[in-house]
Structures are given as structure tokens and as C-alpha cells.
file my_file_13.pdb (PDB, C-alpha atoms)
ATOM      1  CA  MET I  16       1.047 -26.068  -4.957
ATOM      2  CA  THR I  17       4.530 -24.718  -5.599
ATOM      3  CA  SER I  18       6.956 -24.772  -2.679
ATOM      4  CA  THR I  19      10.533 -23.724  -1.996
ATOM      5  CA  VAL I  20      10.359 -24.302   1.766
ATOM      6  CA  SER I  21      13.832 -24.582   3.266
ATOM      7  CA  ALA I  22      14.921 -26.167   6.517
ATOM      8  CA  SER I  23      15.690 -22.708   7.931
ATOM      9  CA  LEU I  24      12.114 -21.577   7.275
ATOM     10  CA  THR I  25      10.727 -24.641   8.990
ATOM     11  CA  ARG I  26      12.894 -24.030  12.048
ATOM     12  CA  THR I  27      11.774 -20.403  12.146
ATOM     13  CA  ALA I  28       8.143 -21.506  12.093
ATOM     14  CA  GLU I  29       8.653 -23.904  14.979
ATOM     15  CA  GLY I  30      10.381 -21.335  17.175
ATOM     16  CA  ALA I  31       7.919 -18.452  17.079
ATOM     17  CA  ALA I  32       4.375 -17.783  18.276
ATOM     18  CA  LEU I  33       3.563 -16.647  14.742
ATOM     19  CA  GLN I  34       4.410 -19.643  12.586
ATOM     20  CA  ALA I  35       3.500 -18.383   9.103
ATOM     21  CA  VAL I  36       1.819 -15.609   7.139
ATOM     22  CA  PHE I  37      -0.528 -16.255   4.216
ATOM     23  CA  LEU I  38      -1.551 -13.562   1.749
ATOM     24  CA  ASP I  39      -4.325 -13.525  -0.797
ATOM     25  CA  MET I  40      -3.329 -12.052  -4.171
ATOM     26  CA  ASP I  41      -5.988 -10.087  -6.098
ATOM     27  CA  GLY I  42      -7.112  -7.023  -4.179
ATOM     28  CA  THR I  43      -4.903  -7.870  -1.204
ATOM     29  CA  LEU I  44      -1.361  -7.944  -2.533
ATOM     30  CA  VAL I  45      -1.917  -6.492  -5.998
ATOM     31  CA  ASP I  46      -4.495  -3.978  -7.174
ATOM     32  CA  THR I  47      -6.132  -6.262  -9.740
ATOM     33  CA  GLU I  48      -9.739  -6.740  -8.612
ATOM     34  CA  GLY I  49     -10.661  -3.938 -11.018
ATOM     35  CA  PHE I  50      -8.687  -5.671 -13.767
ATOM     36  CA  TRP I  51     -10.798  -8.814 -13.330
ATOM     37  CA  TRP I  52     -14.079  -6.901 -13.400
ATOM     38  CA  ASP I  53     -13.031  -4.901 -16.462
ATOM     39  CA  THR I  54     -12.063  -8.152 -18.171
ATOM     40  CA  GLU I  55     -15.424  -9.719 -17.359
ATOM     41  CA  VAL I  56     -17.301  -6.630 -18.575
ATOM     42  CA  GLU I  57     -15.319  -6.615 -21.831
ATOM     43  CA  VAL I  58     -15.793 -10.321 -22.542
ATOM     44  CA  PHE I  59     -19.520 -10.303 -21.827
ATOM     45  CA  ALA I  60     -20.002  -7.172 -23.933
ATOM     46  CA  GLU I  61     -18.516  -9.098 -26.857
ATOM     47  CA  LEU I  62     -20.993 -11.886 -26.079
ATOM     48  CA  GLY I  63     -23.815  -9.347 -26.280
ATOM     49  CA  HIS I  64     -24.447  -8.850 -22.555
ATOM     50  CA  ARG I  65     -24.002  -5.928 -20.196
ATOM     51  CA  LEU I  66     -22.935  -6.749 -16.657
ATOM     52  CA  ASP I  67     -24.752  -5.082 -13.784
ATOM     53  CA  GLU I  68     -22.374  -3.298 -11.386
ATOM     54  CA  ALA I  69     -24.245  -4.941  -8.483
ATOM     55  CA  TRP I  70     -22.934  -8.335  -9.619
ATOM     56  CA  ARG I  71     -19.384  -7.231  -8.878
ATOM     57  CA  ASP I  72     -19.845  -7.760  -5.143
ATOM     58  CA  VAL I  73     -21.071 -11.291  -5.845
ATOM     59  CA  VAL I  74     -18.112 -12.404  -7.966
ATOM     60  CA  VAL I  75     -15.282 -10.585  -6.174
ATOM     61  CA  GLY I  76     -12.833 -12.881  -4.449
ATOM     62  CA  GLY I  77     -14.470 -16.033  -5.719
ATOM     63  CA  PRO I  78     -12.926 -18.886  -7.659
ATOM     64  CA  MET I  79     -13.148 -18.686 -11.435
ATOM     65  CA  THR I  80     -15.666 -21.531 -11.645
ATOM     66  CA  ARG I  81     -18.079 -19.810  -9.257
ATOM     67  CA  SER I  82     -17.679 -16.282 -10.631
ATOM     68  CA  ALA I  83     -17.815 -17.264 -14.289
ATOM     69  CA  GLY I  84     -20.659 -19.693 -13.665
ATOM     70  CA  TYR I  85     -22.666 -17.024 -11.877
ATOM     71  CA  LEU I  86     -22.222 -14.548 -14.724
ATOM     72  CA  ILE I  87     -23.288 -17.147 -17.287
ATOM     73  CA  ASP I  88     -26.407 -17.900 -15.231
ATOM     74  CA  VAL I  89     -27.485 -14.286 -14.720
ATOM     75  CA  THR I  90     -26.807 -13.187 -18.313
ATOM     76  CA  GLY I  91     -27.833 -16.352 -20.136
ATOM     77  CA  ALA I  92     -24.704 -16.024 -22.282
ATOM     78  CA  ASP I  93     -24.254 -18.721 -24.908
ATOM     79  CA  ILE I  94     -20.869 -19.997 -23.747
ATOM     80  CA  THR I  95     -19.708 -22.947 -21.673
ATOM     81  CA  LEU I  96     -17.953 -22.540 -18.345
ATOM     82  CA  ALA I  97     -14.798 -24.138 -19.761
ATOM     83  CA  GLU I  98     -14.766 -21.768 -22.741
ATOM     84  CA  LEU I  99     -15.375 -18.708 -20.597
ATOM     85  CA  THR I 100     -12.672 -19.682 -18.100
ATOM     86  CA  VAL I 101     -10.044 -19.866 -20.838
ATOM     87  CA  LEU I 102     -11.235 -16.608 -22.399
ATOM     88  CA  LEU I 103     -11.181 -14.691 -19.099
ATOM     89  CA  ASN I 104      -7.734 -15.985 -18.146
ATOM     90  CA  ASP I 105      -6.359 -15.102 -21.593
ATOM     91  CA  ARG I 106      -7.755 -11.565 -21.452
ATOM     92  CA  PHE I 107      -6.631 -10.991 -17.869
ATOM     93  CA  GLU I 108      -3.141 -12.230 -18.640
ATOM     94  CA  ALA I 109      -2.959  -9.777 -21.526
ATOM     95  CA  ARG I 110      -3.953  -6.938 -19.180
ATOM     96  CA  ILE I 111      -1.106  -7.665 -16.767
ATOM     97  CA  ASP I 112       1.575  -8.176 -19.426
ATOM     98  CA  HIS I 113       3.208  -4.884 -18.473
ATOM     99  CA  GLY I 114       3.142  -5.504 -14.741
ATOM    100  CA  VAL I 115       0.670  -5.150 -11.891
ATOM    101  CA  PRO I 116       0.374  -2.393  -9.270
ATOM    102  CA  LEU I 117       1.037  -3.402  -5.674
ATOM    103  CA  MET I 118      -1.438  -2.391  -3.001
ATOM    104  CA  PRO I 119      -0.237   0.388  -0.662
ATOM    105  CA  GLY I 120       2.082  -1.049   1.976
ATOM    106  CA  ALA I 121       2.530  -4.395   0.212
ATOM    107  CA  ALA I 122       6.161  -3.931  -0.875
ATOM    108  CA  ARG I 123       7.241  -2.842   2.611
ATOM    109  CA  LEU I 124       5.406  -5.727   4.317
ATOM    110  CA  LEU I 125       6.809  -8.352   1.941
ATOM    111  CA  ALA I 126      10.338  -7.021   2.413
ATOM    112  CA  GLU I 127       9.939  -7.157   6.198
ATOM    113  CA  LEU I 128       8.684 -10.750   6.144
ATOM    114  CA  VAL I 129      11.604 -11.808   3.943
ATOM    115  CA  ALA I 130      14.130  -9.951   6.109
ATOM    116  CA  HIS I 131      12.892 -11.755   9.230
ATOM    117  CA  GLU I 132      12.628 -15.127   7.450
ATOM    118  CA  VAL I 133       8.940 -15.470   8.279
ATOM    119  CA  PRO I 134       7.465 -18.395   6.305
ATOM    120  CA  THR I 135       5.172 -16.672   3.824
ATOM    121  CA  ALA I 136       2.738 -18.176   1.312
ATOM    122  CA  LEU I 137       0.580 -16.752  -1.437
ATOM    123  CA  VAL I 138      -2.856 -18.395  -1.358
ATOM    124  CA  SER I 139      -5.121 -17.424  -4.239
ATOM    125  CA  ALA I 140      -8.278 -18.569  -5.993
ATOM    126  CA  SER I 141      -6.628 -17.548  -9.265
ATOM    127  CA  HIS I 142      -5.197 -20.251 -11.508
ATOM    128  CA  ARG I 143      -1.513 -21.205 -11.506
ATOM    129  CA  ARG I 144      -0.833 -19.523 -14.865
ATOM    130  CA  ILE I 145      -2.121 -16.213 -13.487
ATOM    131  CA  ILE I 146      -0.270 -16.475 -10.167
ATOM    132  CA  ASP I 147       3.039 -17.162 -11.891
ATOM    133  CA  ARG I 148       2.558 -14.220 -14.246
ATOM    134  CA  VAL I 149       1.752 -11.873 -11.365
ATOM    135  CA  LEU I 150       4.777 -13.092  -9.415
ATOM    136  CA  ASP I 151       6.982 -12.291 -12.395
ATOM    137  CA  SER I 152       6.211  -8.664 -11.451
ATOM    138  CA  VAL I 153       5.956  -8.952  -7.663
ATOM    139  CA  GLY I 154       8.917 -11.298  -7.156
ATOM    140  CA  HIS I 155       8.768 -15.043  -6.660
ATOM    141  CA  HIS I 156      11.401 -14.777  -3.903
ATOM    142  CA  HIS I 157       8.876 -13.264  -1.499
ATOM    143  CA  PHE I 158       7.052 -16.588  -1.144
ATOM    144  CA  ALA I 159       8.388 -19.978  -0.108
ATOM    145  CA  LEU I 160       5.065 -21.549  -1.065
ATOM    146  CA  THR I 161       2.161 -20.684  -3.374
ATOM    147  CA  VAL I 162      -1.265 -22.323  -3.603
ATOM    148  CA  ALA I 163      -3.422 -21.785  -6.717
ATOM    149  CA  GLY I 164      -7.157 -22.210  -7.055
ATOM    150  CA  ASP I 165      -6.821 -24.894  -9.713
ATOM    151  CA  GLU I 166      -4.469 -26.956  -7.535
ATOM    152  CA  VAL I 167      -6.911 -27.737  -4.736
ATOM    153  CA  THR I 168     -10.055 -29.850  -4.783
ATOM    154  CA  ARG I 169     -12.153 -27.160  -3.099
ATOM    155  CA  THR I 170     -11.099 -23.540  -3.260
ATOM    156  CA  LYS I 171     -12.239 -20.517  -1.255
ATOM    157  CA  PRO I 172     -14.517 -20.154   0.693
ATOM    158  CA  HIS I 173     -13.612 -23.740   1.625
ATOM    159  CA  PRO I 174     -10.678 -23.890   4.089
ATOM    160  CA  GLU I 175      -8.658 -26.336   1.951
ATOM    161  CA  PRO I 176      -6.342 -23.696   0.396
ATOM    162  CA  TYR I 177      -5.249 -22.403   3.796
ATOM    163  CA  LEU I 178      -5.042 -25.844   5.347
ATOM    164  CA  THR I 179      -2.840 -26.841   2.406
ATOM    165  CA  ALA I 180      -0.548 -23.862   3.008
ATOM    166  CA  ALA I 181      -0.267 -24.623   6.732
ATOM    167  CA  LEU I 182       0.527 -28.245   5.992
ATOM    168  CA  GLY I 183       3.181 -27.162   3.512
ATOM    169  CA  PHE I 184       4.983 -25.277   6.287
ATOM    170  CA  GLY I 185       4.294 -27.843   8.977
ATOM    171  CA  ALA I 186       2.457 -25.052  10.809
ATOM    172  CA  VAL I 187      -0.604 -25.059  13.047
ATOM    173  CA  PRO I 188      -3.407 -22.976  11.460
ATOM    174  CA  GLU I 189      -4.196 -21.374  14.836
ATOM    175  CA  ARG I 190      -0.697 -19.878  14.809
ATOM    176  CA  CYS I 191      -0.904 -18.515  11.262
ATOM    177  CA  ALA I 192      -2.011 -15.057  10.161
ATOM    178  CA  VAL I 193      -3.967 -14.556   6.933
ATOM    179  CA  ILE I 194      -4.419 -11.293   5.052
ATOM    180  CA  GLU I 195      -7.531 -11.160   2.845
ATOM    181  CA  ASP I 196      -9.651  -8.529   1.100
ATOM    182  CA  THR I 197     -12.991 -10.303   0.523
ATOM    183  CA  ALA I 198     -15.627 -12.073   2.583
ATOM    184  CA  THR I 199     -15.005 -15.236   0.557
ATOM    185  CA  GLY I 200     -11.331 -15.298   1.476
ATOM    186  CA  VAL I 201     -11.991 -14.379   5.091
ATOM    187  CA  ALA I 202     -14.476 -17.255   5.358
ATOM    188  CA  ALA I 203     -11.876 -19.701   4.026
ATOM    189  CA  ALA I 204      -9.185 -18.518   6.430
ATOM    190  CA  GLU I 205     -11.455 -18.549   9.455
ATOM    191  CA  ALA I 206     -12.814 -21.992   8.587
ATOM    192  CA  ALA I 207      -9.208 -23.201   8.529
ATOM    193  CA  GLY I 208      -8.727 -21.811  12.035
ATOM    194  CA  CYS I 209      -6.338 -18.987  11.131
ATOM    195  CA  TRP I 210      -6.227 -15.456  12.501
ATOM    196  CA  VAL I 211      -7.356 -12.922   9.918
ATOM    197  CA  VAL I 212      -6.483  -9.393   8.906
ATOM    198  CA  ALA I 213      -9.182  -8.121   6.548
ATOM    199  CA  VAL I 214      -8.299  -5.283   4.163
ATOM    200  CA  PRO I 215     -11.607  -4.751   2.276
ATOM    201  CA  SER I 216     -11.132  -3.890  -1.403
ATOM    202  CA  VAL I 217     -14.604  -3.833  -2.998
ATOM    203  CA  ALA I 218     -17.208  -4.794  -0.387
ATOM    204  CA  PRO I 219     -17.074  -3.969   3.361
ATOM    205  CA  ILE I 220     -16.090  -6.591   5.928
ATOM    206  CA  ALA I 221     -17.152  -6.293   9.568
ATOM    207  CA  PRO I 222     -14.802  -6.961  12.505
ATOM    208  CA  ALA I 223     -15.340 -10.228  14.368
ATOM    209  CA  ALA I 224     -13.706 -12.513  16.893
ATOM    210  CA  GLY I 225     -10.294 -13.547  15.597
ATOM    211  CA  ARG I 226     -10.498 -10.930  12.834
ATOM    212  CA  VAL I 227      -9.106  -7.414  12.599
ATOM    213  CA  VAL I 228     -10.226  -5.026   9.863
ATOM    214  CA  VAL I 229      -7.787  -2.373   8.626
ATOM    215  CA  GLY I 230      -7.868   0.284   5.929
ATOM    216  CA  SER I 231      -4.735  -0.794   4.083
ATOM    217  CA  LEU I 232      -1.574  -2.869   4.368
ATOM    218  CA  GLU I 233       0.188   0.295   5.503
ATOM    219  CA  GLU I 234      -1.307  -0.452   8.925
ATOM    220  CA  VAL I 235       0.165  -3.968   9.005
ATOM    221  CA  ASP I 236       3.686  -4.996   9.931
ATOM    222  CA  LEU I 237       5.335  -8.031  11.511
ATOM    223  CA  ALA I 238       4.752  -6.772  15.055
ATOM    224  CA  PHE I 239       1.063  -6.307  14.226
ATOM    225  CA  LEU I 240       0.774  -9.876  12.900
ATOM    226  CA  ARG I 241       2.595 -11.340  15.903
ATOM    227  CA  GLY I 242       0.283  -9.408  18.200
ATOM    228  CA  LEU I 243      -2.758 -10.739  16.358
ATOM    229  CA  VAL I 244      -1.731 -14.364  16.931
ATOM    230  CA  THR I 245      -0.784 -13.799  20.567
ATOM    231  CA  GLY I 246      -4.070 -12.025  21.280
ATOM    232  CA  LYS I 247      -2.683  -8.507  21.726
ATOM    233  CA  HIS I 248      -5.033  -7.018  19.109
TER     234      HIS I 248
END

call {"tool": "encode", "arguments": {"input": "my_file_13.pdb", "output": "C-alpha cells"}}
result
Amino acid sequence: MTSTVSASLTRTAEGAALQAVFLDMDGTLVDTEGFWWDTEVEVFAELGHRLDEAWRDVVVGGPMTRSAGYLIDVTGADITLAELTVLLNDRFEARIDHGVPLMPGAARLLAELVAHEVPTALVSASHRRIIDRVLDSVGHHHFALTVAGDEVTRTKPHPEPYLTAALGFGAVPERCAVIEDTATGVAAAEAAGCWVVAVPSVAPIAPAAGRVVVGSLEEVDLAFLRGLVTGKH
């Protein structure tokens, strides 16, 4: 976990109904879910295997160990999980060398959260090396805290990543809003006790208690997130 939490951010969290906002990265903040799938397809093609498009819904949003392990199992590829993890991260990093595209509405939302000094964290199943490279494009200053998938004992769909982020801000999960694009991430946030805004990227996500589903981040602003936590949505 990387944190730059200041005293002013902590005071802001204590004084508002909405204490903090947590955003997933791939498919939520940046349009990279397709990058990951293309990377996986390319790597497995070189290993002599063709990936079935149906497997994409299985691996999307998951931690590297689960996604890579699943693809090894279903293809029977002759490669270890450790070897494949390094290879996929290397290839993905090469793909984003020239920057990553933000999802519609992301830049405006991030700017609004910064302007109002809302404690904001990036919580991703991606590894630290990937998060830091993405933030070189997006802007590290948007987040006072970041949690990577290789920095927690149990990553999504386990609640630990979001509980870790809440603890980092001294916030109560029930007063935090999470923005996610996959069922795996939504499950992690809800298990942590957070309110959830789902912005489906690859597979559909149904509305549920404590969860609002929107078409894009263009529908989300600070007032929307405050209303979610106070029960006005």
C-alpha cells in the first residue's frame, strides 16, 4: 500500500457523511480491460494456444494469480504460474508505455474529488508495478492512497483490499463509496461493507441493495456519491 494521507484529508473524512471514495483501475478508471485480454491472447498464441472469447468473462477483474491460473488450466499450456505472471505483466506494461485512455467521465470526476479534498484511493487487483505505470499517465496526485493486488494477503473478491483502504484513511467502510466495473470487484467492496457504484465494462452487473448500476462515470459526481452513502439513491 502506498499512502500520502495528510492530516487535512483525515479531518475531511471525519467531518462528512461520505468519508472516502475508492476506485478500481482497469475498466473503471482506465480503458485497459481490452489491453489485458489482448495481452493474454497474444501470449497464449505464442505458447500454441487459442483463447476462447467466452473465457474473457471469467478472467475479467480478477487477480493475476486467478486469471492466469485459470487460463493455464483450461489451455494446458506448458508454463508455470510464476513465469506467466511475469510475462503478462511485461507485455501489458509495454502496451501502456505511451499512455492509457481514461474512461468517459473519469478525468472530470477525479478533478472534482481533488478540488473538494475528498479522500480518494485507487484499489486494484493489478500489481504495484502496473499501478505505478498507469498513474504516471493518470496522475499520482489524484490519489492519497493506492492498494495493489500484490500488497494484500487476499485480493478481490475478498474484502481485504477495501478494508485496507478504509483503514488507511481511518474511515468506516459503511461510509465509503466504491466504483467498480466487474462482479469480482463489486463482491469485494460489498463484502467490506461499502456502498457500490457499478459501471459494467465487459459483463453485465445487476442492481442490488446498496448498489447502483450506471452506464458510465459521466453519470457520477460528488453529489451522486454523497447521496449514495446517505441513502438518497

call {"tool": "atom_distance", "arguments": {"input": "my_file_13.pdb", "atom1": "atom CA of I:Gly183", "atom2": "atom CA of I:Glu127"}}
result
21.3 Å

call {"tool": "atom_distance", "arguments": {"input": "my_file_13.pdb", "atom1": "atom CA of I:Leu96", "atom2": "atom CA of I:Ile146"}}
result
20.4 Å

call {"tool": "resolve_selection", "arguments": {"input": "my_file_13.pdb", "expression": "the PyMOL selection byres ((chain I and resi 193) around 10)", "output": "MDAnalysis selection string"}}
result
chainID I and resid 35:39 135:138 177 188 191:192 194:195 200:201 203:205 209:213 226 240

call {"tool": "write_last_selection", "arguments": {"input": "my_file_13.pdb", "atoms": "C-alpha atoms", "output": "CSV table (one decimal), in the coordinates of the input"}}
result
chain,number,residue,atom,x,y,z
I,35,ALA,CA,3.5,-18.4,9.1
I,36,VAL,CA,1.8,-15.6,7.1
I,37,PHE,CA,-0.5,-16.3,4.2
I,38,LEU,CA,-1.6,-13.6,1.7
I,39,ASP,CA,-4.3,-13.5,-0.8
I,135,THR,CA,5.2,-16.7,3.8
I,136,ALA,CA,2.7,-18.2,1.3
I,137,LEU,CA,0.6,-16.8,-1.4
I,138,VAL,CA,-2.9,-18.4,-1.4
I,177,TYR,CA,-5.2,-22.4,3.8
I,188,PRO,CA,-3.4,-23.0,11.5
I,191,CYS,CA,-0.9,-18.5,11.3
I,192,ALA,CA,-2.0,-15.1,10.2
I,194,ILE,CA,-4.4,-11.3,5.1
I,195,GLU,CA,-7.5,-11.2,2.8
I,200,GLY,CA,-11.3,-15.3,1.5
I,201,VAL,CA,-12.0,-14.4,5.1
I,203,ALA,CA,-11.9,-19.7,4.0
I,204,ALA,CA,-9.2,-18.5,6.4
I,205,GLU,CA,-11.5,-18.5,9.5
I,209,CYS,CA,-6.3,-19.0,11.1
I,210,TRP,CA,-6.2,-15.5,12.5
I,211,VAL,CA,-7.4,-12.9,9.9
I,212,VAL,CA,-6.5,-9.4,8.9
I,213,ALA,CA,-9.2,-8.1,6.5
I,226,ARG,CA,-10.5,-10.9,12.8
I,240,LEU,CA,0.8,-9.9,12.9

call {"tool": "atom_distance", "arguments": {"input": "my_file_13.pdb", "atom1": "atom CA of I:Gly164", "atom2": "atom CA of I:Leu125"}}
result
21.6 Å

call {"tool": "closest_residue", "arguments": {"input": "my_file_13.pdb", "among": "I:Gly63, I:Ala140, I:Thr54, I:Trp70", "to": "I:Asp105", "atoms": "only C-alpha atoms"}}
result
I:Thr54

call {"tool": "resolve_selection", "arguments": {"input": "my_file_13.pdb", "expression": "the PyMOL selection byres ((chain I and resi 93) around 12)", "output": "tab-separated table (two decimals) with C-alpha atoms, in the coordinates of the input"}}
result
chain	number	residue	atom	x	y	z
I	59	PHE	CA	-19.52	-10.30	-21.83
I	61	GLU	CA	-18.52	-9.10	-26.86
I	62	LEU	CA	-20.99	-11.89	-26.08
I	63	GLY	CA	-23.82	-9.35	-26.28
I	64	HIS	CA	-24.45	-8.85	-22.56
I	84	GLY	CA	-20.66	-19.69	-13.66
I	86	LEU	CA	-22.22	-14.55	-14.72
I	87	ILE	CA	-23.29	-17.15	-17.29
I	88	ASP	CA	-26.41	-17.90	-15.23
I	89	VAL	CA	-27.48	-14.29	-14.72
I	90	THR	CA	-26.81	-13.19	-18.31
I	91	GLY	CA	-27.83	-16.35	-20.14
I	92	ALA	CA	-24.70	-16.02	-22.28
I	94	ILE	CA	-20.87	-20.00	-23.75
I	95	THR	CA	-19.71	-22.95	-21.67
I	96	LEU	CA	-17.95	-22.54	-18.34
I	98	GLU	CA	-14.77	-21.77	-22.74
I	99	LEU	CA	-15.38	-18.71	-20.60

call {"tool": "closest_residue", "arguments": {"input": "my_file_13.pdb", "among": "I:Met118, I:Ala163, I:Val227, I:Ala130", "to": "I:Met16", "atoms": "all atoms listed in the file"}}
result
I:Ala163

call {"tool": "axis_aligned_box", "arguments": {"input": "my_file_13.pdb", "around": "stretch 104-111 of chain I", "padding_each_side": "6 Å", "output": "lines of an AutoDock Vina configuration file"}}
result
center_x = -4.4
center_y = -11.5
center_z = -19.2
size_x = 18.6
size_y = 21.0
size_z = 16.8

call {"tool": "resolve_selection", "arguments": {"input": "my_file_13.pdb", "expression": "the PyMOL selection byres ((chain I and resi 41-47) around 6)", "output": "list in words"}}
result
Asp39, Met40, Glu48, Gly49, Phe50, Pro116, Leu117, Met118, Ala121, Glu195, Asp196 and Ser216 of chain I

call {"tool": "closest_residue", "arguments": {"input": "my_file_13.pdb", "among": "I:Ile145, I:Leu128, I:Ala159, I:Ala69", "to": "I:Ala109", "atoms": "only C-alpha atoms"}}
result
I:Ile145

call {"tool": "closest_residue", "arguments": {"input": "my_file_13.pdb", "among": "I:Ala218, I:Ile111, I:His142, I:His156", "to": "I:Thr80", "atoms": "all atoms listed in the file"}}
result
I:His142

call {"tool": "closest_residue", "arguments": {"input": "my_file_13.pdb", "among": "I:Thr17, I:Leu160, I:Pro119, I:Val153", "to": "I:Gly185", "atoms": "all atoms listed in the file"}}
result
I:Leu160

call {"tool": "closest_residue", "arguments": {"input": "my_file_13.pdb", "among": "I:Arg106, I:Leu33, I:Ser18, I:Thr168", "to": "I:Gly242", "atoms": "only C-alpha atoms"}}
result
I:Leu33

call {"tool": "residues_around", "arguments": {"input": "my_file_13.pdb", "residues": "I:Val214", "least_positions_apart": "3", "cutoff": "6 Å", "atoms": "only C-alpha atoms", "output": "ChimeraX atom specification"}}
result
/I:196,229-231

call {"tool": "build_atoms", "arguments": {"input": "my_file_13.pdb", "residues": "stretch 141-152 of chain I", "atoms": "N, CA and C atoms", "output": "compact mmCIF listing (two decimals), in the coordinates of the input"}}
result
# COMPACT_ATOMS: atom_id res chain seq x y z
N SER I 141 -7.03 -17.63 -7.86
CA SER I 141 -6.63 -17.55 -9.26
C SER I 141 -5.88 -18.80 -9.68
N HIS I 142 -5.86 -19.06 -10.99
CA HIS I 142 -5.20 -20.25 -11.51
C HIS I 142 -3.69 -20.08 -11.50
N ARG I 143 -2.96 -21.21 -11.55
CA ARG I 143 -1.51 -21.20 -11.51
C ARG I 143 -0.90 -20.30 -12.57
N ARG I 144 -1.41 -20.32 -13.78
CA ARG I 144 -0.83 -19.52 -14.86
C ARG I 144 -0.90 -18.03 -14.53
N ILE I 145 -1.96 -17.62 -13.85
CA ILE I 145 -2.12 -16.21 -13.49
C ILE I 145 -1.20 -15.86 -12.32
N ILE I 146 -1.14 -16.72 -11.32
CA ILE I 146 -0.27 -16.48 -10.17
C ILE I 146 1.17 -16.31 -10.62
N ASP I 147 1.65 -17.22 -11.45
CA ASP I 147 3.04 -17.16 -11.89
C ASP I 147 3.32 -15.90 -12.69
N ARG I 148 2.36 -15.45 -13.48
CA ARG I 148 2.56 -14.22 -14.25
C ARG I 148 2.61 -13.00 -13.32
N VAL I 149 1.74 -12.98 -12.32
CA VAL I 149 1.75 -11.87 -11.36
C VAL I 149 3.07 -11.85 -10.59
N LEU I 150 3.54 -13.02 -10.19
CA LEU I 150 4.78 -13.09 -9.41
C LEU I 150 6.00 -12.73 -10.24
N ASP I 151 5.89 -12.79 -11.55
CA ASP I 151 6.98 -12.29 -12.40
C ASP I 151 7.20 -10.80 -12.13
N SER I 152 6.13 -10.10 -11.77
CA SER I 152 6.21 -8.66 -11.45
C SER I 152 6.52 -8.44 -9.97
